[in-house]
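Engineer: File follows, input.pdb with PDB, C-alpha atoms, pLDDT in the B column:
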ATOM      1  CA  MET A 190       1.614 -25.397 -26.769  1.00 95.00           C
ATOM      2  CA  LYS A 191       3.328 -23.185 -24.216  1.00 97.00           C
ATOM      3  CA  ILE A 192       5.435 -24.621 -21.410  1.00 98.00           C
ATOM      4  CA  ILE A 193       5.576 -22.976 -17.990  1.00 98.00           C
ATOM      5  CA  GLY A 194       8.384 -23.877 -15.613  1.00 97.00           C
ATOM      6  CA  VAL A 195       7.460 -23.358 -11.964  1.00 97.00           C
ATOM      7  CA  THR A 196      10.353 -23.077  -9.543  1.00 96.00           C
ATOM      8  CA  GLY A 197      11.344 -21.820  -6.115  1.00 93.00           C
ATOM      9  CA  GLY A 198      13.259 -22.902  -3.056  1.00 86.00           C
ATOM     10  CA  ILE A 199      12.341 -25.482  -0.447  1.00 84.00           C
ATOM     11  CA  ALA A 200       8.911 -24.795   1.134  1.00 86.00           C
ATOM     12  CA  SER A 201       8.374 -21.716  -1.047  1.00 89.00           C
ATOM     13  CA  GLY A 202       4.851 -22.637  -2.198  1.00 91.00           C
ATOM     14  CA  LYS A 203       5.419 -24.350  -5.553  1.00 93.00           C
ATOM     15  CA  SER A 204       2.941 -27.070  -4.618  1.00 92.00           C
ATOM     16  CA  THR A 205       0.260 -24.478  -3.880  1.00 94.00           C
ATOM     17  CA  VAL A 206       0.805 -22.954  -7.323  1.00 97.00           C
ATOM     18  CA  THR A 207       0.718 -26.297  -9.118  1.00 97.00           C
ATOM     19  CA  ALA A 208      -2.342 -27.469  -7.155  1.00 96.00           C
ATOM     20  CA  TYR A 209      -4.163 -24.378  -8.389  1.00 97.00           C
ATOM     21  CA  LEU A 210      -3.025 -25.048 -11.972  1.00 98.00           C
ATOM     22  CA  ARG A 211      -4.238 -28.654 -11.766  1.00 97.00           C
ATOM     23  CA  LYS A 212      -7.654 -27.350 -10.635  1.00 97.00           C
ATOM     24  CA  GLN A 213      -7.676 -25.390 -13.919  1.00 96.00           C
ATOM     25  CA  ASN A 214      -7.149 -28.702 -15.767  1.00 97.00           C
ATOM     26  CA  ILE A 215      -3.626 -27.769 -16.822  1.00 98.00           C
ATOM     27  CA  PRO A 216      -1.278 -30.793 -17.016  1.00 98.00           C
ATOM     28  CA  VAL A 217       1.501 -30.536 -14.401  1.00 98.00           C
ATOM     29  CA  PHE A 218       4.682 -32.618 -14.406  1.00 98.00           C
ATOM     30  CA  ASP A 219       6.127 -33.056 -10.899  1.00 96.00           C
ATOM     31  CA  ALA A 220       9.910 -33.380 -11.114  1.00 95.00           C
ATOM     32  CA  ASP A 221      10.215 -34.309  -7.424  1.00 91.00           C
ATOM     33  CA  ALA A 222       7.794 -37.220  -7.847  1.00 93.00           C
ATOM     34  CA  SER A 223       9.719 -38.338 -10.926  1.00 94.00           C
ATOM     35  CA  ALA A 224      12.999 -38.117  -8.990  1.00 91.00           C
ATOM     36  CA  HIS A 225      11.511 -40.327  -6.250  1.00 90.00           C
ATOM     37  CA  GLU A 226      10.412 -42.822  -8.901  1.00 92.00           C
ATOM     38  CA  ALA A 227      13.908 -42.729 -10.429  1.00 92.00           C
ATOM     39  CA  VAL A 228      15.494 -44.210  -7.316  1.00 92.00           C
ATOM     40  CA  LEU A 229      13.107 -47.078  -6.624  1.00 93.00           C
ATOM     41  CA  PRO A 230      14.837 -50.323  -5.586  1.00 92.00           C
ATOM     42  CA  GLY A 231      16.380 -52.087  -8.554  1.00 89.00           C
ATOM     43  CA  SER A 232      16.126 -49.072 -10.871  1.00 92.00           C
ATOM     44  CA  ALA A 233      18.970 -48.242 -13.242  1.00 91.00           C
ATOM     45  CA  CYS A 234      19.230 -44.821 -11.647  1.00 93.00           C
ATOM     46  CA  LEU A 235      19.661 -46.270  -8.134  1.00 94.00           C
ATOM     47  CA  LEU A 236      22.308 -48.657  -9.447  1.00 93.00           C
ATOM     48  CA  GLN A 237      24.195 -45.677 -10.914  1.00 94.00           C
ATOM     49  CA  LEU A 238      23.979 -43.869  -7.572  1.00 94.00           C
ATOM     50  CA  LYS A 239      25.317 -46.925  -5.737  1.00 94.00           C
ATOM     51  CA  ALA A 240      28.200 -47.192  -8.217  1.00 95.00           C
ATOM     52  CA  ALA A 241      28.988 -43.481  -7.747  1.00 94.00           C
ATOM     53  CA  PHE A 242      28.628 -43.208  -3.954  1.00 94.00           C
ATOM     54  CA  GLY A 243      28.894 -46.707  -2.559  1.00 93.00           C
ATOM     55  CA  GLY A 244      26.603 -48.948  -0.563  1.00 91.00           C
ATOM     56  CA  GLN A 245      26.347 -46.544   2.375  1.00 92.00           C
ATOM     57  CA  ILE A 246      23.569 -44.686   0.527  1.00 93.00           C
ATOM     58  CA  LEU A 247      21.329 -47.785   0.645  1.00 94.00           C
ATOM     59  CA  THR A 248      19.206 -49.169   3.454  1.00 93.00           C
ATOM     60  CA  GLU A 249      19.411 -52.850   4.390  1.00 91.00           C
ATOM     61  CA  ALA A 250      16.322 -53.375   2.205  1.00 90.00           C
ATOM     62  CA  GLY A 251      18.180 -51.975  -0.835  1.00 90.00           C
ATOM     63  CA  GLU A 252      16.296 -48.679  -0.925  1.00 92.00           C
ATOM     64  CA  LEU A 253      17.887 -45.266  -1.191  1.00 94.00           C
ATOM     65  CA  ASP A 254      18.709 -44.001   2.300  1.00 93.00           C
ATOM     66  CA  ARG A 255      17.577 -40.419   1.698  1.00 90.00           C
ATOM     67  CA  LYS A 256      19.068 -39.107   4.936  1.00 88.00           C
ATOM     68  CA  ALA A 257      22.478 -40.633   4.156  1.00 91.00           C
ATOM     69  CA  MET A 258      22.365 -39.327   0.568  1.00 92.00           C
ATOM     70  CA  ALA A 259      21.310 -35.858   1.756  1.00 88.00           C
ATOM     71  CA  ALA A 260      24.063 -35.799   4.370  1.00 87.00           C
ATOM     72  CA  LEU A 261      26.616 -36.453   1.624  1.00 89.00           C
ATOM     73  CA  ALA A 262      25.124 -34.223  -1.067  1.00 88.00           C
ATOM     74  CA  PHE A 263      24.186 -31.157   0.931  1.00 82.00           C
ATOM     75  CA  ASN A 264      27.676 -30.853   2.388  1.00 82.00           C
ATOM     76  CA  ASP A 265      29.704 -31.286  -0.791  1.00 86.00           C
ATOM     77  CA  ARG A 266      28.968 -29.462  -4.049  1.00 85.00           C
ATOM     78  CA  LYS A 267      30.782 -32.092  -6.195  1.00 92.00           C
ATOM     79  CA  ILE A 268      28.688 -34.912  -4.744  1.00 92.00           C
ATOM     80  CA  LEU A 269      25.511 -32.869  -5.191  1.00 88.00           C
ATOM     81  CA  ASN A 270      26.412 -32.151  -8.828  1.00 88.00           C
ATOM     82  CA  LYS A 271      27.062 -35.847  -9.515  1.00 92.00           C
ATOM     83  CA  LEU A 272      23.781 -36.849  -7.822  1.00 91.00           C
ATOM     84  CA  GLU A 273      21.875 -34.265  -9.837  1.00 88.00           C
ATOM     85  CA  SER A 274      23.468 -35.269 -13.149  1.00 90.00           C
ATOM     86  CA  ILE A 275      22.401 -38.890 -12.628  1.00 93.00           C
ATOM     87  CA  VAL A 276      18.856 -38.155 -11.458  1.00 92.00           C
ATOM     88  CA  HIS A 277      18.192 -35.172 -13.742  1.00 90.00           C
ATOM     89  CA  SER A 278      18.839 -37.136 -16.924  1.00 89.00           C
ATOM     90  CA  TYR A 279      16.157 -39.639 -15.903  1.00 92.00           C
ATOM     91  CA  VAL A 280      13.714 -36.909 -14.847  1.00 94.00           C
ATOM     92  CA  TRP A 281      14.190 -34.955 -18.083  1.00 93.00           C
ATOM     93  CA  ARG A 282      13.369 -38.066 -20.143  1.00 93.00           C
ATOM     94  CA  GLN A 283      10.169 -38.386 -18.096  1.00 95.00           C
ATOM     95  CA  ALA A 284       9.394 -34.684 -18.641  1.00 96.00           C
ATOM     96  CA  GLU A 285       9.836 -35.074 -22.398  1.00 96.00           C
ATOM     97  CA  GLU A 286       7.438 -38.026 -22.412  1.00 96.00           C
ATOM     98  CA  PHE A 287       4.937 -35.969 -20.391  1.00 97.00           C
ATOM     99  CA  ILE A 288       5.175 -33.041 -22.813  1.00 97.00           C
ATOM    100  CA  THR A 289       4.694 -35.382 -25.786  1.00 97.00           C
ATOM    101  CA  LYS A 290       1.699 -37.025 -24.115  1.00 97.00           C
ATOM    102  CA  HIS A 291       0.062 -33.599 -23.606  1.00 98.00           C
ATOM    103  CA  LYS A 292       1.143 -32.015 -26.898  1.00 95.00           C
ATOM    104  CA  LYS A 293      -2.429 -30.995 -27.736  1.00 96.00           C
ATOM    105  CA  ALA A 294      -2.867 -29.065 -24.481  1.00 97.00           C
ATOM    106  CA  PRO A 295      -2.485 -25.275 -24.827  1.00 97.00           C
ATOM    107  CA  LEU A 296      -0.388 -25.151 -21.627  1.00 97.00           C
ATOM    108  CA  VAL A 297       1.833 -27.660 -19.870  1.00 98.00           C
ATOM    109  CA  VAL A 298       3.544 -27.007 -16.545  1.00 98.00           C
ATOM    110  CA  LEU A 299       6.851 -28.406 -15.339  1.00 98.00           C
ATOM    111  CA  ASP A 300       7.170 -28.167 -11.546  1.00 97.00           C
ATOM    112  CA  VAL A 301      10.960 -28.253 -11.144  1.00 94.00           C
ATOM    113  CA  PRO A 302      12.646 -26.984  -7.961  1.00 90.00           C
ATOM    114  CA  LEU A 303      16.025 -26.779  -9.753  1.00 88.00           C
ATOM    115  CA  LEU A 304      14.647 -25.450 -13.049  1.00 94.00           C
ATOM    116  CA  ILE A 305      17.306 -22.757 -13.383  1.00 94.00           C
ATOM    117  CA  GLU A 306      20.200 -24.664 -11.811  1.00 89.00           C
ATOM    118  CA  SER A 307      19.639 -27.565 -14.215  1.00 89.00           C
ATOM    119  CA  ALA A 308      19.329 -25.147 -17.191  1.00 92.00           C
ATOM    120  CA  TRP A 309      15.802 -26.404 -17.905  1.00 93.00           C
ATOM    121  CA  HIS A 310      14.670 -22.767 -17.903  1.00 96.00           C
ATOM    122  CA  LYS A 311      16.011 -22.723 -21.482  1.00 96.00           C
ATOM    123  CA  LYS A 312      13.489 -25.439 -22.420  1.00 95.00           C
ATOM    124  CA  VAL A 313      10.351 -23.591 -21.252  1.00 97.00           C
ATOM    125  CA  ASP A 314       8.491 -20.538 -22.536  1.00 97.00           C
ATOM    126  CA  TYR A 315       7.878 -18.963 -19.123  1.00 98.00           C
ATOM    127  CA  VAL A 316       9.679 -19.184 -15.787  1.00 98.00           C
ATOM    128  CA  TRP A 317       7.376 -18.691 -12.814  1.00 98.00           C
ATOM    129  CA  LEU A 318       9.275 -18.171  -9.563  1.00 97.00           C
ATOM    130  CA  VAL A 319       7.568 -18.556  -6.192  1.00 97.00           C
ATOM    131  CA  ALA A 320       9.414 -16.237  -3.801  1.00 94.00           C
ATOM    132  CA  ILE A 321       9.438 -16.282  -0.014  1.00 91.00           C
ATOM    133  CA  SER A 322      11.855 -15.053   2.640  1.00 86.00           C
ATOM    134  CA  GLU A 323      14.427 -17.511   3.944  1.00 84.00           C
ATOM    135  CA  GLU A 324      13.015 -17.315   7.458  1.00 87.00           C
ATOM    136  CA  LYS A 325       9.515 -18.222   6.210  1.00 88.00           C
ATOM    137  CA  GLN A 326      11.026 -21.047   4.153  1.00 84.00           C
ATOM    138  CA  ILE A 327      12.678 -22.449   7.264  1.00 85.00           C
ATOM    139  CA  LYS A 328       9.531 -22.101   9.361  1.00 87.00           C
ATOM    140  CA  ARG A 329       7.381 -23.833   6.710  1.00 85.00           C
ATOM    141  CA  ALA A 330       9.916 -26.593   6.056  1.00 83.00           C
ATOM    142  CA  LEU A 331      10.228 -27.303   9.788  1.00 83.00           C
ATOM    143  CA  ALA A 332       6.440 -27.623  10.042  1.00 84.00           C
ATOM    144  CA  ARG A 333       6.200 -29.805   6.919  1.00 81.00           C
ATOM    145  CA  ASP A 334       9.323 -31.971   6.764  1.00 77.00           C
ATOM    146  CA  ALA A 335      10.988 -34.299   9.243  1.00 78.00           C
ATOM    147  CA  ILE A 336      14.347 -32.515   9.051  1.00 81.00           C
ATOM    148  CA  THR A 337      16.231 -30.163  11.331  1.00 85.00           C
ATOM    149  CA  GLU A 338      16.737 -26.438  10.884  1.00 87.00           C
ATOM    150  CA  GLU A 339      20.429 -27.126  10.245  1.00 85.00           C
ATOM    151  CA  GLU A 340      19.529 -29.531   7.402  1.00 83.00           C
ATOM    152  CA  ILE A 341      17.111 -27.001   5.907  1.00 83.00           C
ATOM    153  CA  ARG A 342      19.723 -24.239   6.029  1.00 86.00           C
ATOM    154  CA  ALA A 343      22.260 -26.562   4.349  1.00 79.00           C
ATOM    155  CA  ARG A 344      19.786 -27.224   1.515  1.00 80.00           C
ATOM    156  CA  ILE A 345      19.011 -23.538   1.085  1.00 82.00           C
ATOM    157  CA  LYS A 346      22.732 -22.756   1.036  1.00 81.00           C
ATOM    158  CA  MET A 347      23.300 -25.272  -1.769  1.00 75.00           C
ATOM    159  CA  GLN A 348      20.488 -23.788  -3.878  1.00 81.00           C
ATOM    160  CA  MET A 349      20.864 -20.781  -6.133  1.00 87.00           C
ATOM    161  CA  PRO A 350      20.092 -17.617  -4.131  1.00 88.00           C
ATOM    162  CA  LEU A 351      16.622 -16.169  -4.653  1.00 88.00           C
ATOM    163  CA  ALA A 352      18.121 -12.880  -5.871  1.00 90.00           C
ATOM    164  CA  GLU A 353      19.905 -14.778  -8.663  1.00 94.00           C
ATOM    165  CA  LYS A 354      16.781 -16.789  -9.587  1.00 94.00           C
ATOM    166  CA  ARG A 355      14.822 -13.551  -9.960  1.00 95.00           C
ATOM    167  CA  LYS A 356      17.009 -12.658 -12.974  1.00 96.00           C
ATOM    168  CA  TYR A 357      15.601 -15.622 -14.922  1.00 97.00           C
ATOM    169  CA  ALA A 358      11.945 -15.273 -13.933  1.00 97.00           C
ATOM    170  CA  THR A 359       9.219 -14.228 -16.334  1.00 97.00           C
ATOM    171  CA  ILE A 360       6.856 -13.774 -13.378  1.00 97.00           C
ATOM    172  CA  ILE A 361       7.617 -13.692  -9.654  1.00 97.00           C
ATOM    173  CA  PHE A 362       4.905 -14.667  -7.181  1.00 97.00           C
ATOM    174  CA  ASP A 363       5.184 -13.128  -3.721  1.00 95.00           C
ATOM    175  CA  ASN A 364       4.146 -15.878  -1.323  1.00 94.00           C
ATOM    176  CA  THR A 365       4.267 -13.911   1.920  1.00 91.00           C
ATOM    177  CA  GLY A 366       0.476 -13.711   2.130  1.00 90.00           C
ATOM    178  CA  SER A 367      -2.386 -16.212   2.174  1.00 92.00           C
ATOM    179  CA  VAL A 368      -3.038 -19.141  -0.153  1.00 93.00           C
ATOM    180  CA  GLU A 369      -5.887 -17.132  -1.687  1.00 96.00           C
ATOM    181  CA  GLN A 370      -3.540 -14.222  -2.430  1.00 96.00           C
ATOM    182  CA  LEU A 371      -1.063 -16.561  -4.112  1.00 96.00           C
ATOM    183  CA  GLU A 372      -3.841 -18.163  -6.175  1.00 96.00           C
ATOM    184  CA  GLN A 373      -5.012 -14.701  -7.273  1.00 97.00           C
ATOM    185  CA  GLN A 374      -1.498 -13.954  -8.541  1.00 97.00           C
ATOM    186  CA  VAL A 375      -1.447 -17.235 -10.456  1.00 97.00           C
ATOM    187  CA  ALA A 376      -4.864 -16.563 -11.981  1.00 97.00           C
ATOM    188  CA  ALA A 377      -3.668 -13.119 -13.107  1.00 97.00           C
ATOM    189  CA  ALA A 378      -0.511 -14.628 -14.628  1.00 97.00           C
ATOM    190  CA  LEU A 379      -2.565 -17.194 -16.548  1.00 96.00           C
ATOM    191  CA  ARG A 380      -4.628 -14.398 -18.061  1.00 94.00           C
ATOM    192  CA  THR A 381      -1.458 -12.861 -19.545  1.00 92.00           C
ATOM    193  CA  ILE A 382      -0.622 -16.016 -21.533  1.00 89.00           C
TER     194      ILE A 382
END
Please re-express this file's structure in structure tokens.
Structural biologist:
Amino acid sequence: MKIIGVTGGIASGKSTVTAYLRKQNIPVFDADASAHEAVLPGSACLLQLKAAFGGQILTEAGELDRKAMAALAFNDRKILNKLESIVHSYVWRQAEEFITKHKKAPLVVLDVPLLIESAWHKKVDYVWLVAISEEKQIKRALARDAITEEEIRARIKMQMPLAEKRKYATIIFDNTGSVEQLEQQVAAALRTI
């Protein structure tokens, strides 16, 4: 089994790449979905976050207040690091279970936005980076997410710069064109494995 780690910044096109891979019947682990699951009300992970950051990160219903957590984390590197250490340990356990479950598959994909920052790039055979200009990232994120341009820029600023990520990539997909062009690049990359 070979493990591909797919990464890239916010609104870079990772989901387009992984959707194409799923259509090829390749198992894909979604780290973002696992991170959302990690902080469900009553979860051990959410309790750790509350202990670390206080009750202000919870809604009245006891759910994670994502806007409040983001406001804290994306303005303070220490808080972001603590948040990531708590959530990433849960997500990695889920990823390991996923890999074990699909151990007979020739390829398994881990869709992990912070693949390099979390050092998970050392746990995969290939690092596939989806690259896009910052301005296109902002435009796409504004169209997709219910956050402001200022919030998007803060998130981009807290992520590893694209130029640095390129140093770790086995393959870099240029996502400045159409969906079809991106899928063609992915198909070509699959043929090399």
Engineer: Quick check, in Å to one decimal: how far apart do atom CA of Ile360 of chain A and atom CA of Leu318 of chain A lie?
Structural biologist: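 If I compute the distance from atom CA of Ile360 of chain A to atom CA of Leu318 of chain A, I get 6.3 Å.
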Engineer: If the PyMOL selection byres ((chain A and resi 240-246) around 9) were run on this exact file, what residues would it hold? Put them as a list in words.
Structural biologist: Leu235, Leu236, Gln237, Leu238, Lys239, Leu247, Thr248, Gly251, Glu252, Leu253, Asp254, Arg255, Lys256, Ala257, Met258, Leu261, Ile268, Lys271 and Leu272 of chain A
Engineer: Which residues fall under the PyMOL selection byres ((chain A and resi 355) around 10) in this file, as a list of chain:residue names?
Structural biologist: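 On this input, the PyMOL selection byres ((chain A and resi 355) around 10) captures A:Gly197, A:Val316, A:Trp317, A:Leu318, A:Val319, A:Ala320, A:Pro350, A:Leu351, A:Ala352, A:Glu353, A:Lys354, A:Lys356, A:Tyr357, A:Ala358, A:Thr359, A:Ile360, A:Ile361.
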Engineer: Quick one: write out the picked residues with C-alpha atoms as a CSV table (one decimal), in the frame of the given file?
Structural biologist:
chain,number,residue,atom,x,y,z
A,197,GLY,CA,11.3,-21.8,-6.1
A,316,VAL,CA,9.7,-19.2,-15.8
A,317,TRP,CA,7.4,-18.7,-12.8
A,318,LEU,CA,9.3,-18.2,-9.6
A,319,VAL,CA,7.6,-18.6,-6.2
A,320,ALA,CA,9.4,-16.2,-3.8
A,350,PRO,CA,20.1,-17.6,-4.1
A,351,LEU,CA,16.6,-16.2,-4.7
A,352,ALA,CA,18.1,-12.9,-5.9
A,353,GLU,CA,19.9,-14.8,-8.7
A,354,LYS,CA,16.8,-16.8,-9.6
A,356,LYS,CA,17.0,-12.7,-13.0
A,357,TYR,CA,15.6,-15.6,-14.9
A,358,ALA,CA,11.9,-15.3,-13.9
A,359,THR,CA,9.2,-14.2,-16.3
A,360,ILE,CA,6.9,-13.8,-13.4
A,361,ILE,CA,7.6,-13.7,-9.7
Engineer: Return as a PyMOL selection string the set of residues that the PyMOL selection byres ((chain A and resi 223-227) around 9) yields on the displayed structure.
Structural biologist: chain A and resi 218-222+228-229+232-235+276-277+279-280+283-284
Engineer: Keeping C-alpha atoms for every residue in the selection just given, could you write it to a file as a PDB file, in the coordinates of the input?
Structural biologist:
ATOM      1  CA  PHE A 218       4.682 -32.618 -14.406  1.00 98.00           C
ATOM      2  CA  ASP A 219       6.127 -33.056 -10.899  1.00 96.00           C
ATOM      3  CA  ALA A 220       9.910 -33.380 -11.114  1.00 95.00           C
ATOM      4  CA  ASP A 221      10.215 -34.309  -7.424  1.00 91.00           C
ATOM      5  CA  ALA A 222       7.794 -37.220  -7.847  1.00 93.00           C
ATOM      6  CA  VAL A 228      15.494 -44.210  -7.316  1.00 92.00           C
ATOM      7  CA  LEU A 229      13.107 -47.078  -6.624  1.00 93.00           C
ATOM      8  CA  SER A 232      16.126 -49.072 -10.871  1.00 92.00           C
ATOM      9  CA  ALA A 233      18.970 -48.242 -13.242  1.00 91.00           C
ATOM     10  CA  CYS A 234      19.230 -44.821 -11.647  1.00 93.00           C
ATOM     11  CA  LEU A 235      19.661 -46.270  -8.134  1.00 94.00           C
ATOM     12  CA  VAL A 276      18.856 -38.155 -11.458  1.00 92.00           C
ATOM     13  CA  HIS A 277      18.192 -35.172 -13.742  1.00 90.00           C
ATOM     14  CA  TYR A 279      16.157 -39.639 -15.903  1.00 92.00           C
ATOM     15  CA  VAL A 280      13.714 -36.909 -14.847  1.00 94.00           C
ATOM     16  CA  GLN A 283      10.169 -38.386 -18.096  1.00 95.00           C
ATOM     17  CA  ALA A 284       9.394 -34.684 -18.641  1.00 96.00           C
TER      18      ALA A 284
END
Engineer: Rounded to one decimal in Å, what is the spacing between atom CA of Arg380 of chain A and atom CA of Lys290 of chain A?
Structural biologist: 24.3 Å
Engineer: Counting only C-alpha atoms, which of A:Pro302, A:Ser307, A:Lys212, A:Ile327 gets nearest to Ala343 of chain A?
Structural biologist: A:Ile327
